[in-house]
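Enquirer: Just dropping this structure here.
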Amino acid sequence: MQPWNGFGQGLWHKIRKGHMSTVFTILGTLSACVLAGSLLTGNVSAKQAVDSSDARPLVIPNPVTLSNGFSAIVKQVGPAVVNINTETLPKEGSNAGPGQGDQSMQDFFNHFFGMPGGNGGQESQGPSRALGSGFIVDARGYILTNYHVIDGADRIYVKLSSDPQNSPDPGRLATVVGFDKDTDIAVIKIHSDHPLPTVKIGNSDGVEVGDWVLAIGEPFGLSQTVSAGIISAKNRSIDEGADAHQVAKGEFQKFLQTDAAINPGNSGGPLVDMAGQVIGMNTAIYTQSAGNEGIGFALPSNTIVNVYNQLIGPEHKVVRGSIGVQFQANTSSAVAKMYGFPNGGVIVSEVVPGGPAAKAGVQPQDIIVSVDGQPIRNGDELISIVSDKHPGTTISLGIIRAGKHITLSCGVEDRNKLYANLGSGAEAANPSSPSNAGELKFGVSVQPTTSEMNGTLHISGGVVVTSVKPGSFADAIGLYQGAVITEINRKPVTDVASFNAIASGLKSGDDVVFVVRNPQNPGGGDSFIGGTLP
């Protein structure tokens with residue numbers, strides 16, 4: 001062992017040499033210093049008597065109503081907001097849990113709530129449970145919520161705001177009245193011996209960006225939680241891709257966007273304006289952390305009312321009209337200029353055989369510019385107007401065909417029945433990749449279509465894109481490998497020679513529009529991909 005340094009080393013040396021008297025003298029001096037320090041400290045910290053007779057006691061003031069009125073709105077709406085908890089029993093050979101009955105909706109829920117679905121791929125050992133919110137719209141016990149809150153549940157329980165929140169009782173058993181997957185809306189009902197408190201429904205068309213709103217619900221199971229924010233955008237679409245028929249999955253969902261804090265468990269709760277009226281149903285959040293990041297989405301009340309009124313009807317389902325056409329959701333300005341509808345319209349990609357549009361004489365590449373005299377600017381407006389038409393009615397279509405305006409009388413059918421039997425497409429062709437002249441101008445290689453491909457796609461000829469050069473014009477406008485090109489700038493492409501001939505006549509600054517078909521979706525009709533050559 002090493003001896004101490006400095007003073008310690010000297011002391012150790014004296015002890016070893018036997019100078020004990022010196023050592024005791026040093027230790028005695030140290031003890032006296034310590035004792036003196038303790039006495040001085042005791043004198044400084046000693047308590048002294050203080051006269052506090054002049055101190056005034058604090059007084060709790062009377063409650064003050066603040067000017068923002070948030071609390072008054074919560075008192076008005078809060079009693080009609082309910083907690084919804086579901087129970088899903090394990091099923092043999094299935095890992096399905098709450099919200100997993102429809103995989104597309106579960107994918108949507110997982111993406112926008114940032115949460116894994118089900119049980120992480122493991123077999124469930126017992127009932128799985130989920131939480132959500134809802135609001136009472138009819139004193140007889142009718143409640144609105146999101147479909148994904150109750151999807152796949154074997155039992156649905158509802159707790160009112162007046163029920164004990166810490167009770168082990170799950171709540172009142174609810175029954176499903178009806179649901180609509182396309183809008184993610186469901187109606188459930190509970191029994192009550194007395195009229196229940198209800199919300200007031202507002203008109204979402206009157207909402208403006210910047211308006212104050214409150215979100216009320218049960219985030220993470222925390223009952224009657226209120227958050228405030230503003231409307232940050234209107235008519236917001238969430239891109240969920242397309243189904244087998246190239247129809248956008250979220251085509252009937254146009255959201256109010258808000259920065260009011262919305263978290264998992266808020267689903268189905270009301271979004272309330274400063275008049276205390278429900279102008280939306282909190283449905284989703286965009287998140288990468290499974291929590292609020294200031295971007296929440298609520299279905300507008302006008303959409304909710306339309307769906308609710310159909311779900312409480314005799315058939316308990318939503319019926320939407322359709323004329324039987326398919327179209328590309330988004331087209332570039334080059335496409336609009338090339339086909340003569342720069343002020344808006346919808347270019348038809350495919351007409352459903354035997355459908356109302358086919359019977360009326362609508363053809364692929366027709367541009368629908370009005371319905372019953374109302375101008376159509378884009379596909380969203382066409383869907384909104386036609387889907388509201390009752391099956392069996394007749395509408396007037398304003399169409400541009402080859403530059404001429406014509407009017408066609410067209411019937412309306414039930415959308416679900418019309419599209420029920422459409423095919424889902426065939427396997428994609430994967431031809432070899434010889435080089436071609438179009439590579440220089442567009443950045444693509446092509447080769448002729450096969451007779452089998454022509455028969456599958458119902459075309460007389462064309463070329464298949466076998467490769468797309470990264471960063472090229474084709475890559476920039478979204479032309480993809482495997483696409484079958486049948487036209488360029490309204491000129492038919494039947495083989496590689498015609499493709500090269502058209503390409504060679506184009507120059508920088510020209511608008512170029514490709515008419516393409518997707519071999520993976522033979523029934524999807526034409527798509528229009530365009531841009532301006534750099």
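To be explicit about the labels: the chains of the structure tokens are called A, B, and onward in the order shown, and within each one the residues are counted from 1, while ligands get numbers from 1 in the order they are shown.
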Residues of stretch 182-424 of chain A in strand (DSSP E) according to DSSP, as a PyMOL selection string?

Expert: chain A and resi 185-189+200-201+212-217+225-236+255-258+270-272+277-285+296-300+321-322+325-327+346-351+367-371+374-375+394-401+404-411+413-414

Enquirer: So which residues touch stretch 201-218 of chain A within 6 Å, counting only C-alpha atoms, skipping near sequence neighbours fewer than 6 positions away, as a PDB file with N, CA and C atoms, in the first residue's frame?

Expert:
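See part.pdb below for the written result:
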ATOM      1  N   SER A 133     -63.470   7.056 -29.553  1.00  0.00           N
ATOM      2  CA  SER A 133     -64.426   8.049 -29.083  1.00  0.00           C
ATOM      3  C   SER A 133     -65.647   8.058 -29.991  1.00  0.00           C
ATOM      4  N   GLN A 224     -62.697  12.623 -21.589  1.00  0.00           N
ATOM      5  CA  GLN A 224     -63.071  14.033 -21.693  1.00  0.00           C
ATOM      6  C   GLN A 224     -61.857  14.956 -21.817  1.00  0.00           C
ATOM      7  N   THR A 225     -60.945  14.586 -22.706  1.00  0.00           N
ATOM      8  CA  THR A 225     -59.770  15.419 -22.947  1.00  0.00           C
ATOM      9  C   THR A 225     -60.077  16.423 -24.059  1.00  0.00           C
ATOM     10  N   VAL A 226     -59.704  17.681 -23.819  1.00  0.00           N
ATOM     11  CA  VAL A 226     -60.005  18.752 -24.767  1.00  0.00           C
ATOM     12  C   VAL A 226     -58.693  19.373 -25.241  1.00  0.00           C
ATOM     13  N   SER A 227     -58.588  19.595 -26.552  1.00  0.00           N
ATOM     14  CA  SER A 227     -57.445  20.316 -27.105  1.00  0.00           C
ATOM     15  C   SER A 227     -57.960  21.376 -28.070  1.00  0.00           C
ATOM     16  N   ALA A 228     -57.218  22.458 -28.201  1.00  0.00           N
ATOM     17  CA  ALA A 228     -57.644  23.588 -29.033  1.00  0.00           C
ATOM     18  C   ALA A 228     -56.659  23.820 -30.159  1.00  0.00           C
ATOM     19  N   GLY A 229     -57.162  24.351 -31.265  1.00  0.00           N
ATOM     20  CA  GLY A 229     -56.317  24.675 -32.403  1.00  0.00           C
ATOM     21  C   GLY A 229     -57.127  25.444 -33.430  1.00  0.00           C
ATOM     22  N   ILE A 230     -56.639  25.439 -34.644  1.00  0.00           N
ATOM     23  CA  ILE A 230     -57.340  26.121 -35.723  1.00  0.00           C
ATOM     24  C   ILE A 230     -57.523  25.159 -36.896  1.00  0.00           C
ATOM     25  N   ILE A 231     -58.387  25.530 -37.824  1.00  0.00           N
ATOM     26  CA  ILE A 231     -58.480  24.817 -39.096  1.00  0.00           C
ATOM     27  C   ILE A 231     -57.285  25.267 -39.928  1.00  0.00           C
ATOM     28  N   SER A 232     -56.419  24.334 -40.286  1.00  0.00           N
ATOM     29  CA  SER A 232     -55.202  24.698 -41.019  1.00  0.00           C
ATOM     30  C   SER A 232     -55.306  24.432 -42.512  1.00  0.00           C
ATOM     31  N   ALA A 233     -56.325  23.689 -42.941  1.00  0.00           N
ATOM     32  CA  ALA A 233     -56.561  23.474 -44.374  1.00  0.00           C
ATOM     33  C   ALA A 233     -57.937  22.852 -44.543  1.00  0.00           C
ATOM     34  N   GLY A 265     -57.024   7.250 -29.971  1.00  0.00           N
ATOM     35  CA  GLY A 265     -58.125   7.267 -29.010  1.00  0.00           C
ATOM     36  C   GLY A 265     -59.084   8.415 -29.261  1.00  0.00           C
ATOM     37  N   ASN A 266     -58.607   9.459 -29.986  1.00  0.00           N
ATOM     38  CA  ASN A 266     -59.472  10.561 -30.384  1.00  0.00           C
ATOM     39  C   ASN A 266     -60.386  10.172 -31.549  1.00  0.00           C
ATOM     40  N   GLY A 269     -64.239  11.125 -32.235  1.00  0.00           N
ATOM     41  CA  GLY A 269     -64.681  12.243 -31.404  1.00  0.00           C
ATOM     42  C   GLY A 269     -64.995  13.466 -32.244  1.00  0.00           C
ATOM     43  N   PRO A 270     -65.681  14.450 -31.666  1.00  0.00           N
ATOM     44  CA  PRO A 270     -66.103  15.621 -32.433  1.00  0.00           C
ATOM     45  C   PRO A 270     -65.034  16.706 -32.531  1.00  0.00           C
ATOM     46  N   LEU A 271     -65.048  17.416 -33.651  1.00  0.00           N
ATOM     47  CA  LEU A 271     -64.302  18.653 -33.826  1.00  0.00           C
ATOM     48  C   LEU A 271     -65.347  19.759 -33.798  1.00  0.00           C
ATOM     49  N   VAL A 272     -65.206  20.702 -32.872  1.00  0.00           N
ATOM     50  CA  VAL A 272     -66.266  21.645 -32.550  1.00  0.00           C
ATOM     51  C   VAL A 272     -65.825  23.066 -32.854  1.00  0.00           C
ATOM     52  N   ASP A 273     -66.739  23.869 -33.430  1.00  0.00           N
ATOM     53  CA  ASP A 273     -66.425  25.269 -33.699  1.00  0.00           C
ATOM     54  C   ASP A 273     -66.779  26.134 -32.492  1.00  0.00           C
ATOM     55  N   GLN A 277     -70.879  23.872 -32.210  1.00  0.00           N
ATOM     56  CA  GLN A 277     -71.443  22.926 -33.159  1.00  0.00           C
ATOM     57  C   GLN A 277     -70.362  21.998 -33.703  1.00  0.00           C
ATOM     58  N   VAL A 278     -70.746  20.750 -33.922  1.00  0.00           N
ATOM     59  CA  VAL A 278     -69.804  19.763 -34.463  1.00  0.00           C
ATOM     60  C   VAL A 278     -69.677  19.998 -35.963  1.00  0.00           C
ATOM     61  N   ILE A 279     -68.460  20.328 -36.405  1.00  0.00           N
ATOM     62  CA  ILE A 279     -68.231  20.543 -37.834  1.00  0.00           C
ATOM     63  C   ILE A 279     -67.323  19.472 -38.419  1.00  0.00           C
ATOM     64  N   PRO A 300     -65.612  16.197 -42.620  1.00  0.00           N
ATOM     65  CA  PRO A 300     -66.545  17.324 -42.495  1.00  0.00           C
ATOM     66  C   PRO A 300     -67.943  16.858 -42.096  1.00  0.00           C
ATOM     67  N   SER A 301     -68.641  17.687 -41.345  1.00  0.00           N
ATOM     68  CA  SER A 301     -69.969  17.322 -40.846  1.00  0.00           C
ATOM     69  C   SER A 301     -70.963  17.102 -41.979  1.00  0.00           C
ATOM     70  N   ASN A 302     -70.825  17.826 -43.096  1.00  0.00           N
ATOM     71  CA  ASN A 302     -71.772  17.649 -44.194  1.00  0.00           C
ATOM     72  C   ASN A 302     -71.663  16.256 -44.813  1.00  0.00           C
TER      73      ASN A 302
END

Enquirer: Name the residues of stretch 260-459 of chain A that fall into helix (DSSP H, G or I) according to DSSP on the backbone, using the chain letters and numbers of this document, as a PyMOL selection string.

Expert: chain A and resi 301-311+333-338+356-360+379-387+415-419+438-441+451-457

Enquirer: Using only C-alpha atoms, determine which residues lie at most 9 Å from A:Arg401, disregarding the query and same-chain residues fewer than 6 positions distant; provide the list as a list in words.

Expert: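 The neighbour list is Gln363, Gln365, Asp366 and Ile367 of chain A.
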
Enquirer: How many Å separate atom CA of A:Gln326 from atom CA of A:Ile395?

Expert: 17.3 Å

Enquirer: Given the choices A:Pro197, A:Pro90, A:Pro164, A:Gly296, which gets closest to A:Met281 if the distance is worked out from only C-alpha atoms?

Expert: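 Smallest distance to A:Met281 is found for A:Gly296.
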